[in-house]
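Written below as structure tokens is the structure these notes are about.
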Amino acid sequence: MSTDPIASQNERVDWVDYAKGICIILVVMMHTVYGVEHVLDGQGWMHAVVDFARPFRMPDFFLVAGLFLSRSIHGPLLDYVDRKVVHFIYFYVLWLALQFPVVEYDTLVAHPAYALKLWAFSFVEPSNSLWFVHMLAIFYVVTRLVRHLPVWMVFAGAFLLQSLYQLGFIDTGFSVIDRFANRYVYFFMGYAFAPQIFRFAGRAAQAPLAGLVGLLVWGGMNWWAVTLGLQEEFLTSFLLGMAGATAVCVASALLTRFRMADFLRYCGQYSIVIYLSFVFPLLAIERLVLPRTGALFGGIGWTSALTLLVAVGLPLAFHALIRNTPLRILYERPAWASLAGSRHARQRAALPAK
């Protein structure tokens, strides 16, 4: 396992894939559990798992997203814009076109003119599950602009924004601004402190007993904090987010050392495939299956678990079927969607991008 953050562009770091796999499953789990519970009008045992992951689910996702940015941030501007902005714009536009008629079907049928306005506004203010892709493009632009500023200055500014958000001073009602204020600090830390994070993960893999004890202690503290509602409070929100992100890194490093749960690594390797596609099987179950069958196995919790398995598994199966067909453009950016003149325009920009 490589722990070099400046490793070759084609090299994958296994523990990072494990971390991304954990994160994407937690994200899909949140949408699944809330959706199933809404349809069945009740709560199951998985609701507690979603609550437990709430403090660190998105902080860790953004932190991991910034880990490899040092490979390209100082490169040619055209290449950078192509890989870090156009790349995500392509997938946002494509999958918004695919998702919108399904997600907003009732609005589209009843009020087509309003639905068209809603679709157009989605490019400025994402209101669907694709907001993470939209926000990543913004984070990459901002980080490129501030790359020459002292790290401590940018980190202090990002932390101040997060603090002001948690204190309620930033509440614009415009989710792009609010999410930027609340989440950019984690993305920037992933970029700025990548060498330290990689070294920490390497040490964690070499000390499994200490890692397991640390995870148990963190788990108890995180659960205690969640029960007290501290995950949305000033300062504790940041501390819980960073503690949870650290725990995910430790767990991922241990899984890599012992080659356990390879399915998580595979999910992480193709996390963007899951992220872009999970809405379709999830909505099919929520709208077509559950209203007719009710809770499966006699409980909402197990119904949520089975729905999660389908929402994660079907996108991966679909991707495996179409990856060598023309439909691969759903997950693999074609050359025509790259900036002319960029050296990457002559290469396939395959997902997932680092």
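Just remember, in the structure tokens the first chain shown is A, the second B, etc., residues are 1-based per chain, and ligands are 1-based in the order shown.
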
Interface rows for stretch 220-310 of chain A against stretch 196-203 of chain A: nearest pair, Å to one decimal, 10 Å, only C-alpha atoms, as CSV:
residue,atom,partner,partner_atom,distance
A:Thr246,CA,A:Ile197,CA,8.7
A:Val248,CA,A:Ala201,CA,9.9
A:Cys249,CA,A:Ala201,CA,6.2
A:Val250,CA,A:Ala201,CA,6.1
A:Ala251,CA,A:Ala201,CA,9.2
A:Ser252,CA,A:Ala201,CA,8.2
A:Ala253,CA,A:Ala201,CA,5.7
A:Leu254,CA,A:Ala201,CA,8.8
A:Arg257,CA,A:Gly202,CA,9.7

Q. What residues in stretch 1-80 of chain A get the DSSP label helix (DSSP H, G or I)? Please answer as a VMD selection string.
A. chain A and resid 14 to 40 46 to 53 57 to 65 69 to 71 77 to 80

Include C-alpha atoms and write out the residues we just selected as a PDB file, in the first residue's frame.
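The resulting file, part-v3.pdb, is reproduced below:
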ATOM      1  CA  ASP A  14      -6.323   1.271  -1.127  1.00  0.00           C
ATOM      2  CA  TRP A  15      -7.201   2.834   2.214  1.00  0.00           C
ATOM      3  CA  VAL A  16      -8.566   5.910   0.449  1.00  0.00           C
ATOM      4  CA  ASP A  17     -10.851   3.672  -1.609  1.00  0.00           C
ATOM      5  CA  TYR A  18     -12.015   1.995   1.598  1.00  0.00           C
ATOM      6  CA  ALA A  19     -12.717   5.424   3.126  1.00  0.00           C
ATOM      7  CA  LYS A  20     -14.641   6.534   0.050  1.00  0.00           C
ATOM      8  CA  GLY A  21     -16.555   3.265   0.111  1.00  0.00           C
ATOM      9  CA  ILE A  22     -17.577   3.819   3.732  1.00  0.00           C
ATOM     10  CA  CYS A  23     -18.611   7.400   2.964  1.00  0.00           C
ATOM     11  CA  ILE A  24     -20.692   6.636  -0.117  1.00  0.00           C
ATOM     12  CA  ILE A  25     -22.542   3.828   1.654  1.00  0.00           C
ATOM     13  CA  LEU A  26     -23.304   6.153   4.576  1.00  0.00           C
ATOM     14  CA  VAL A  27     -24.603   8.797   2.162  1.00  0.00           C
ATOM     15  CA  VAL A  28     -26.854   6.343   0.321  1.00  0.00           C
ATOM     16  CA  MET A  29     -27.925   4.927   3.673  1.00  0.00           C
ATOM     17  CA  MET A  30     -29.137   8.340   4.800  1.00  0.00           C
ATOM     18  CA  HIS A  31     -31.274   8.828   1.668  1.00  0.00           C
ATOM     19  CA  THR A  32     -32.521   5.242   1.867  1.00  0.00           C
ATOM     20  CA  VAL A  33     -33.494   5.262   5.524  1.00  0.00           C
ATOM     21  CA  TYR A  34     -35.234   8.629   5.404  1.00  0.00           C
ATOM     22  CA  GLY A  35     -37.050   7.677   2.196  1.00  0.00           C
ATOM     23  CA  VAL A  36     -38.213   4.258   3.391  1.00  0.00           C
ATOM     24  CA  GLU A  37     -39.281   5.596   6.772  1.00  0.00           C
ATOM     25  CA  HIS A  38     -41.266   8.364   5.077  1.00  0.00           C
ATOM     26  CA  VAL A  39     -43.123   5.877   2.871  1.00  0.00           C
ATOM     27  CA  LEU A  40     -43.786   3.429   5.714  1.00  0.00           C
ATOM     28  CA  MET A  46     -31.107   1.798  10.870  1.00  0.00           C
ATOM     29  CA  HIS A  47     -32.233   5.274  11.871  1.00  0.00           C
ATOM     30  CA  ALA A  48     -29.806   5.078  14.796  1.00  0.00           C
ATOM     31  CA  VAL A  49     -26.943   4.229  12.404  1.00  0.00           C
ATOM     32  CA  VAL A  50     -27.768   7.271  10.274  1.00  0.00           C
ATOM     33  CA  ASP A  51     -27.803   9.468  13.377  1.00  0.00           C
ATOM     34  CA  PHE A  52     -24.457   8.043  14.516  1.00  0.00           C
ATOM     35  CA  ALA A  53     -22.830   8.873  11.162  1.00  0.00           C
ATOM     36  CA  ARG A  57     -20.514  11.527   6.994  1.00  0.00           C
ATOM     37  CA  MET A  58     -20.013  14.587   4.769  1.00  0.00           C
ATOM     38  CA  PRO A  59     -16.902  16.023   6.503  1.00  0.00           C
ATOM     39  CA  ASP A  60     -14.995  12.836   5.741  1.00  0.00           C
ATOM     40  CA  PHE A  61     -16.304  12.709   2.168  1.00  0.00           C
ATOM     41  CA  PHE A  62     -15.017  16.233   1.505  1.00  0.00           C
ATOM     42  CA  LEU A  63     -11.731  15.657   3.322  1.00  0.00           C
ATOM     43  CA  VAL A  64     -10.999  12.566   1.216  1.00  0.00           C
ATOM     44  CA  ALA A  65     -11.973  14.468  -1.949  1.00  0.00           C
ATOM     45  CA  LEU A  69      -5.390  17.826  -5.148  1.00  0.00           C
ATOM     46  CA  SER A  70      -1.680  18.597  -4.713  1.00  0.00           C
ATOM     47  CA  ARG A  71      -0.995  16.491  -7.820  1.00  0.00           C
ATOM     48  CA  LEU A  77      -4.592  26.210 -15.829  1.00  0.00           C
ATOM     49  CA  LEU A  78      -6.315  24.634 -18.841  1.00  0.00           C
ATOM     50  CA  ASP A  79      -5.564  21.119 -17.632  1.00  0.00           C
ATOM     51  CA  TYR A  80      -6.739  21.995 -14.145  1.00  0.00           C
TER      52      TYR A  80
END

Q: Please indicate the distance in Å from atom CA of A:Val141 to atom CA of A:Asp171, rounded to one decimal place.
A: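 Answer for the atom CA of A:Val141 to atom CA of A:Asp171 separation: 22.6 Å.
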
Q: Have a look at A:Pro195, A:Pro126, A:Gly301, A:Gly294 and name the one nearest to A:Arg179; count only C-alpha atoms.
A: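 Smallest distance to A:Arg179 is found for A:Pro126.
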
Q: Kindly indicate which residue among A:Met189, A:Ala261, A:Leu283, A:Ala337 lies nearest to A:Gly241, using only C-alpha atoms for the distances.
A: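 With only C-alpha atoms as the atom set, the closest residue is A:Met189.
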
**Q.** Pick from A:Phe159, A:Trp336, A:Ala204, A:Gly214, whichever lies nearest to A:Leu235 using only C-alpha atoms
**A.**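 Of A:Phe159, A:Trp336, A:Ala204, A:Gly214, the one nearest A:Leu235 is A:Phe159, counting only C-alpha atoms.
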
Q) Closest to A:Leu164 among A:Tyr140, A:Phe278, A:Phe234, A:Trp95, using only C-alpha atoms? A) A:Phe234

**Q.** Close residues, A:Val176 itself excluded, 9 Å, only C-alpha atoms, min 3 positions apart in chain, as a list in words
**A.**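 Counting only the stated atoms, we get Val124, Glu125, Pro126, Trp131, His134, Met135, Gly173, Arg179, Phe180 and Ala181 of chain A.
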
Q: Can you work out which one of A:Thr256, A:Gln43, A:Asn222, A:Asn128 has the shortest atom-to-atom distance to A:Ser237, counting only C-alpha atoms?
A: A:Asn222
